[in-house]
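**Student:** Here you go, one structure.
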Amino acid sequence: MPAWLILVLITALAGCSGSHSILDPAGPAARDVAWLWWAMLIGFGLVFLVVVALWLAAFRPRERAERSPGQPDTYDVERRQGLRWILGGGILLPGITILVLLAFGVPAGQRLMPLPLPGGETPRLIEVTGHQWWWEVRYPDGAGEVVTANHLVMPAGEPVDFHVTGADVIHAFWVPRLGGKIDMIPGRINRIRLQADRPGVFGAQCAEYCGVQHAHMQLHLEAVPPEDFGAWLAARRDAEPESPALDDQHASARDSFTANCASCHRVAGLSEGEIGPDLSDIGARATLGAGTLAMEEGAIARWLAEHQHLKPGNRMPAHDHLALEDLEALGAWLETLRP
Ligand code: HEC
Ligand SMILES: [Cu+2]
């Protein structure tokens, strides 16, 4: 094989792995979808080759037999043959193909549906709401609801039901390696069941164009061992709203938050704003701005100062009226918010 061809193949196949690839399934539903994809690729590849072969054959110059008396008109014979090709290749073959696809596709779709489990138990429920341009994630739980944003943690090795909706326009919830996708429609709750075989981090992305920052609407999804999941949830449910021993700088940053930010953002025990993401555990998140920035020291301050450049048009107003030091202090205090 020539070197360039190997290079092209490697480059093309590189798209098949990675955090957003349906060809690298990590759960039962996604595995069905991947199988269906390969079956369709191979099946339709063969159909394509046959059609091209027939098409080339149709161009082949043919000798026309002279019509001799008593024999049927060659025109009639050819017409009857042509009709057979149309009925066979145009109606029968697609009909069979569609039936075969349905035989595989319907069970695959069934797996994504939140049907009753054989044991009668109900899977854990996670509610996800799409906003322009961020994800709200809620864990309804008898012991008290936990809310977070742009970061979804789920137990691995067991089915989880997702109830999704949209707050403003239509978004779509898609975790390529686990299965999906499903529309998030305002005023309506759609349901999908996903399962991660093993712990890991999986990319998720809004899959329905929802405005200028649609591309910056990523969700960091993490599957953890079930016992860690319980601890993750409990830490957030029972989080102390605030450490009483705030130093002066953090205390004044908190006051600035109450004055400038609290109307839009919730911080458990401090504010109840609902227009922007819940910030109660912002210091423990993986990203900022729905995947726009990686979380690291100083990242929140950078987001506060530059978010309209990093994610132009996002629904948080610029805070140009606050001094850079104030934004830095706000960022430093927000980084301490972790369970
Ligand atoms: C008018 C409402 C509004 C106000 C006021 C507001 N924000 Fe926001 N904020 C938002 C919205 C909406 C987003 C989501 C932006 C996006 O990612 O598209 C956001 C995002 C954020 C994020 C990133 C959150 C995440 O999950 O990645 C931080 C941090 C933040 N805001 C902090 C602040 C601070 C600090 C203030 C006060 C100085 C403030 N916000 C004032 C609406 C607001
Ligand atoms: Cu979108």
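Within each chain, counting starts at residue 1; across the structure tokens, chains are named A, B, ... in the order shown, with ligands numbered 1 upward in that order.
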Which residues sit within 6 Å of ligand 2, counting only C-alpha atoms and all ligand atoms, listed as an MDAnalysis selection string?
**Tutor:** chainID A and resid 171 206:210 214
**Student:** Could you tell me, counting only C-alpha atoms and all ligand atoms, which protein and nucleic acid residues lie no more than 7 Å from ligand 1, written as a ChimeraX atom specification?
**Tutor:** /A:132-134,149-150,257,260-261,263-265,275-279,282,287-290,300,303-304,314-317,319,327,330-331
**Student:** With N, CA, C and O atoms retained, write the just-selected residues as a compact mmCIF listing (two decimals), in the first residue's frame.
**Tutor:**
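Output saved as part23.txt:
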# COMPACT_ATOMS: atom_id res chain seq x y z
N GLN A 132 -30.11 28.82 26.13
CA GLN A 132 -29.14 29.49 25.26
C GLN A 132 -28.05 30.06 26.15
O GLN A 132 -28.32 31.03 26.88
N TRP A 133 -26.84 29.56 26.26
CA TRP A 133 -26.28 28.39 25.66
C TRP A 133 -25.57 27.60 26.73
O TRP A 133 -24.36 27.59 26.79
N TRP A 134 -26.38 26.99 27.57
CA TRP A 134 -25.81 26.21 28.67
C TRP A 134 -26.82 25.16 29.12
O TRP A 134 -27.98 25.17 28.71
N ALA A 149 -24.70 22.70 36.68
CA ALA A 149 -24.82 23.20 35.31
C ALA A 149 -23.59 22.80 34.50
O ALA A 149 -22.47 22.79 35.02
N ASN A 150 -23.81 22.48 33.23
CA ASN A 150 -22.73 22.20 32.27
C ASN A 150 -21.83 21.04 32.69
O ASN A 150 -20.74 20.87 32.15
N PHE A 257 -21.02 39.96 44.73
CA PHE A 257 -21.85 38.96 44.05
C PHE A 257 -23.33 39.23 44.34
O PHE A 257 -24.16 39.25 43.43
N ASN A 260 -24.33 42.32 42.29
CA ASN A 260 -24.23 42.33 40.82
C ASN A 260 -24.69 41.06 40.12
O ASN A 260 -24.97 41.09 38.92
N CYS A 261 -24.70 39.96 40.80
CA CYS A 261 -24.85 38.68 40.12
C CYS A 261 -26.01 37.84 40.63
O CYS A 261 -26.50 36.96 39.93
N SER A 263 -29.10 38.20 41.09
CA SER A 263 -30.41 38.18 40.44
C SER A 263 -30.45 37.14 39.33
O SER A 263 -31.53 36.70 38.94
N CYS A 264 -29.32 36.74 38.81
CA CYS A 264 -29.30 35.75 37.73
C CYS A 264 -28.77 34.39 38.16
O CYS A 264 -29.04 33.40 37.49
N HIS A 265 -27.95 34.34 39.20
CA HIS A 265 -27.28 33.08 39.55
C HIS A 265 -27.68 32.59 40.93
O HIS A 265 -27.73 33.36 41.88
N ILE A 275 -31.67 32.83 35.97
CA ILE A 275 -31.49 33.16 34.56
C ILE A 275 -30.20 32.55 34.02
O ILE A 275 -30.12 32.14 32.87
N GLY A 276 -29.19 32.45 34.87
CA GLY A 276 -27.92 31.85 34.46
C GLY A 276 -27.67 30.55 35.21
O GLY A 276 -28.48 30.14 36.04
N PRO A 277 -26.54 29.91 34.92
CA PRO A 277 -26.22 28.62 35.56
C PRO A 277 -26.11 28.72 37.08
O PRO A 277 -25.66 29.74 37.60
N ASP A 278 -26.53 27.66 37.76
CA ASP A 278 -26.33 27.53 39.20
C ASP A 278 -24.81 27.48 39.46
O ASP A 278 -24.08 26.75 38.78
N LEU A 279 -24.34 28.27 40.42
CA LEU A 279 -22.89 28.34 40.67
C LEU A 279 -22.48 27.69 41.99
O LEU A 279 -21.34 27.86 42.44
N ILE A 282 -19.39 25.64 41.48
CA ILE A 282 -18.63 26.05 40.29
C ILE A 282 -17.14 25.73 40.42
O ILE A 282 -16.48 25.37 39.44
N THR A 287 -15.33 22.71 33.30
CA THR A 287 -15.22 23.76 32.28
C THR A 287 -16.02 24.99 32.69
O THR A 287 -16.78 24.95 33.64
N LEU A 288 -15.86 26.05 31.92
CA LEU A 288 -16.64 27.27 32.11
C LEU A 288 -17.30 27.65 30.79
O LEU A 288 -16.72 27.43 29.71
N GLY A 289 -18.49 28.22 30.88
CA GLY A 289 -19.17 28.67 29.67
C GLY A 289 -19.53 27.51 28.75
O GLY A 289 -19.42 27.62 27.54
N ALA A 290 -19.96 26.38 29.33
CA ALA A 290 -20.37 25.20 28.57
C ALA A 290 -19.26 24.73 27.62
O ALA A 290 -19.47 24.55 26.41
N ILE A 300 -12.02 31.60 36.21
CA ILE A 300 -13.31 32.29 36.41
C ILE A 300 -13.13 33.80 36.23
O ILE A 300 -13.94 34.45 35.56
N TRP A 303 -12.98 34.49 32.64
CA TRP A 303 -14.33 34.43 32.06
C TRP A 303 -15.08 35.72 32.35
O TRP A 303 -15.71 36.30 31.45
N LEU A 304 -15.01 36.19 33.60
CA LEU A 304 -15.78 37.39 33.98
C LEU A 304 -15.32 38.60 33.18
O LEU A 304 -16.12 39.45 32.80
N ASN A 314 -23.22 35.73 24.21
CA ASN A 314 -23.84 34.92 25.26
C ASN A 314 -24.69 35.81 26.16
O ASN A 314 -24.53 37.02 26.21
N ARG A 315 -25.63 35.18 26.87
CA ARG A 315 -26.68 35.93 27.55
C ARG A 315 -26.28 36.53 28.89
O ARG A 315 -27.13 36.94 29.66
N MET A 316 -25.01 36.58 29.18
CA MET A 316 -24.55 37.26 30.39
C MET A 316 -23.99 38.62 29.98
O MET A 316 -23.11 38.70 29.12
N PRO A 317 -24.53 39.71 30.57
CA PRO A 317 -24.02 41.03 30.18
C PRO A 317 -22.55 41.19 30.59
O PRO A 317 -22.12 40.60 31.58
N HIS A 319 -19.42 42.89 32.32
CA HIS A 319 -19.36 43.64 33.57
C HIS A 319 -18.25 44.68 33.54
O HIS A 319 -17.39 44.72 34.41
N LEU A 327 -13.32 41.87 39.68
CA LEU A 327 -13.64 40.64 38.96
C LEU A 327 -12.71 39.52 39.40
O LEU A 327 -13.13 38.38 39.57
N LEU A 330 -13.88 38.34 42.70
CA LEU A 330 -15.08 37.51 42.51
C LEU A 330 -14.71 36.11 42.04
O LEU A 330 -15.22 35.10 42.54
N GLY A 331 -13.78 36.08 41.08
CA GLY A 331 -13.34 34.78 40.55
C GLY A 331 -12.69 33.94 41.63
O GLY A 331 -12.98 32.75 41.76
**Student:** Atom CA of A:Arg60 and atom CA of A:Gly45, how far apart in Å?
**Tutor:**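 Going from atom CA of A:Gly45 over to atom CA of A:Arg60 covers 23.3 Å.
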**Student:** For each of A:Pro176, A:Thr258, A:Ala215, A:Pro186, take the minimum atom-to-atom distance to A:Phe202, counting only C-alpha atoms, then give the residue where this is smallest.
**Tutor:** A:Pro176
**Student:** From a backbone DSSP assignment, name each residue in stretch 34-266 of chain A labelled strand (DSSP E), as a ChimeraX atom specification.
**Tutor:** /A:124-131,134-139,146-149,151-155,160-166,171-175,179-184,190-194,200-205,218-224,266
**Student:** Residues within 8 Å of A:Arg138, please, as a list in words. Count only C-alpha atoms; anything in the same chain fewer than 5 positions from it doesn't count.
**Tutor:** Ile126, Glu127, Val128, Glu145, Val146, Val147 and Thr148 of chain A
**Student:** Report, in Å with one decimal, the straight-line distance from atom CA of A:Trp333 to atom CA of A:His250.
**Tutor:**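 Between atom CA of A:Trp333 and atom CA of A:His250 the gap is 5.3 Å.
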**Student:** Contacts of A:Leu310 at 9 Å or less, counting only C-alpha atoms, minus same-chain residues fewer than 2 places along, as JSON, numbers by chain?
**Tutor:** {"A": [289, 292, 293, 303, 306, 307, 308, 312]}
**Student:** With N, CA, C and O atoms retained, write the just-selected residues as a PDB file, in the first residue's frame.
**Tutor:**
ATOM      1  N   GLY A 289     -18.493  28.218  30.878  1.00  0.00           N
ATOM      2  CA  GLY A 289     -19.167  28.671  29.670  1.00  0.00           C
ATOM      3  C   GLY A 289     -19.529  27.511  28.752  1.00  0.00           C
ATOM      4  O   GLY A 289     -19.420  27.620  27.539  1.00  0.00           O
ATOM      5  N   THR A 292     -16.377  26.402  26.971  1.00  0.00           N
ATOM      6  CA  THR A 292     -15.600  27.462  26.335  1.00  0.00           C
ATOM      7  C   THR A 292     -14.186  27.533  26.912  1.00  0.00           C
ATOM      8  O   THR A 292     -13.212  27.716  26.182  1.00  0.00           O
ATOM      9  N   LEU A 293     -14.071  27.408  28.239  1.00  0.00           N
ATOM     10  CA  LEU A 293     -12.764  27.477  28.907  1.00  0.00           C
ATOM     11  C   LEU A 293     -12.602  26.254  29.787  1.00  0.00           C
ATOM     12  O   LEU A 293     -13.573  25.789  30.373  1.00  0.00           O
ATOM     13  N   TRP A 303     -12.976  34.490  32.635  1.00  0.00           N
ATOM     14  CA  TRP A 303     -14.327  34.425  32.060  1.00  0.00           C
ATOM     15  C   TRP A 303     -15.084  35.717  32.346  1.00  0.00           C
ATOM     16  O   TRP A 303     -15.705  36.298  31.454  1.00  0.00           O
ATOM     17  N   GLU A 306     -13.680  38.559  30.155  1.00  0.00           N
ATOM     18  CA  GLU A 306     -13.625  38.446  28.689  1.00  0.00           C
ATOM     19  C   GLU A 306     -14.735  37.632  28.063  1.00  0.00           C
ATOM     20  O   GLU A 306     -14.667  37.298  26.886  1.00  0.00           O
ATOM     21  N   HIS A 307     -15.761  37.287  28.842  1.00  0.00           N
ATOM     22  CA  HIS A 307     -16.697  36.285  28.301  1.00  0.00           C
ATOM     23  C   HIS A 307     -17.385  36.721  27.018  1.00  0.00           C
ATOM     24  O   HIS A 307     -17.718  35.890  26.185  1.00  0.00           O
ATOM     25  N   GLN A 308     -17.574  38.043  26.831  1.00  0.00           N
ATOM     26  CA  GLN A 308     -18.214  38.452  25.581  1.00  0.00           C
ATOM     27  C   GLN A 308     -17.253  38.384  24.381  1.00  0.00           C
ATOM     28  O   GLN A 308     -17.694  38.453  23.234  1.00  0.00           O
ATOM     29  N   PRO A 312     -18.987  35.293  22.157  1.00  0.00           N
ATOM     30  CA  PRO A 312     -19.700  36.528  21.807  1.00  0.00           C
ATOM     31  C   PRO A 312     -21.210  36.297  21.716  1.00  0.00           C
ATOM     32  O   PRO A 312     -21.654  35.306  21.159  1.00  0.00           O
TER      33      PRO A 312
END
**Student:** Find, counting only C-alpha atoms, the residue in A:Leu337, A:Ile91, A:Ile96, A:Leu23 that gets nearest to A:Gly43.
**Tutor:** A:Ile96
**Student:** Have a look at atom CA of A:Leu246 and atom CA of A:Glu335 and let me know their distance in Å, one decimal.
**Tutor:** 13.2 Å
**Student:** Nearest to A:Ala323 among A:His309, A:Ser256, A:Arg31, A:Asp141, with distances taken over only C-alpha atoms: which residue is it?
**Tutor:**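 Answer, going by the shortest atom-to-atom distance: A:Ser256.
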**Student:** From the list A:Leu46, A:Leu56, A:Ala223, A:Ala29, which residue is nearest A:Gly109 when using only C-alpha atoms?
**Tutor:**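 Closest to A:Gly109, using only C-alpha atoms: A:Ala29.
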**Student:** Assign secondary structure with DSSP using the backbone only, and return the residues of stretch 108-315 of chain A in alpha helix (DSSP H) as an MDAnalysis selection string.
**Tutor:** chainID A and resid 108:111 226:237 248:260 299:310
**Student:** Which residue is closest to A:Ala268? Choose from A:Gly200, A:Ala286, A:Thr97, A:Arg237 and count only C-alpha atoms.
**Tutor:**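 For A:Ala268, the nearest of the given residues is A:Arg237.
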**Student:** Here is a test: counting only C-alpha atoms, which residue of A:Gly82, A:Pro140, A:Gly27, A:Trp38 is nearest to A:Glu158?
**Tutor:**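 Counting only C-alpha atoms, the residue closest to A:Glu158 is A:Gly27.
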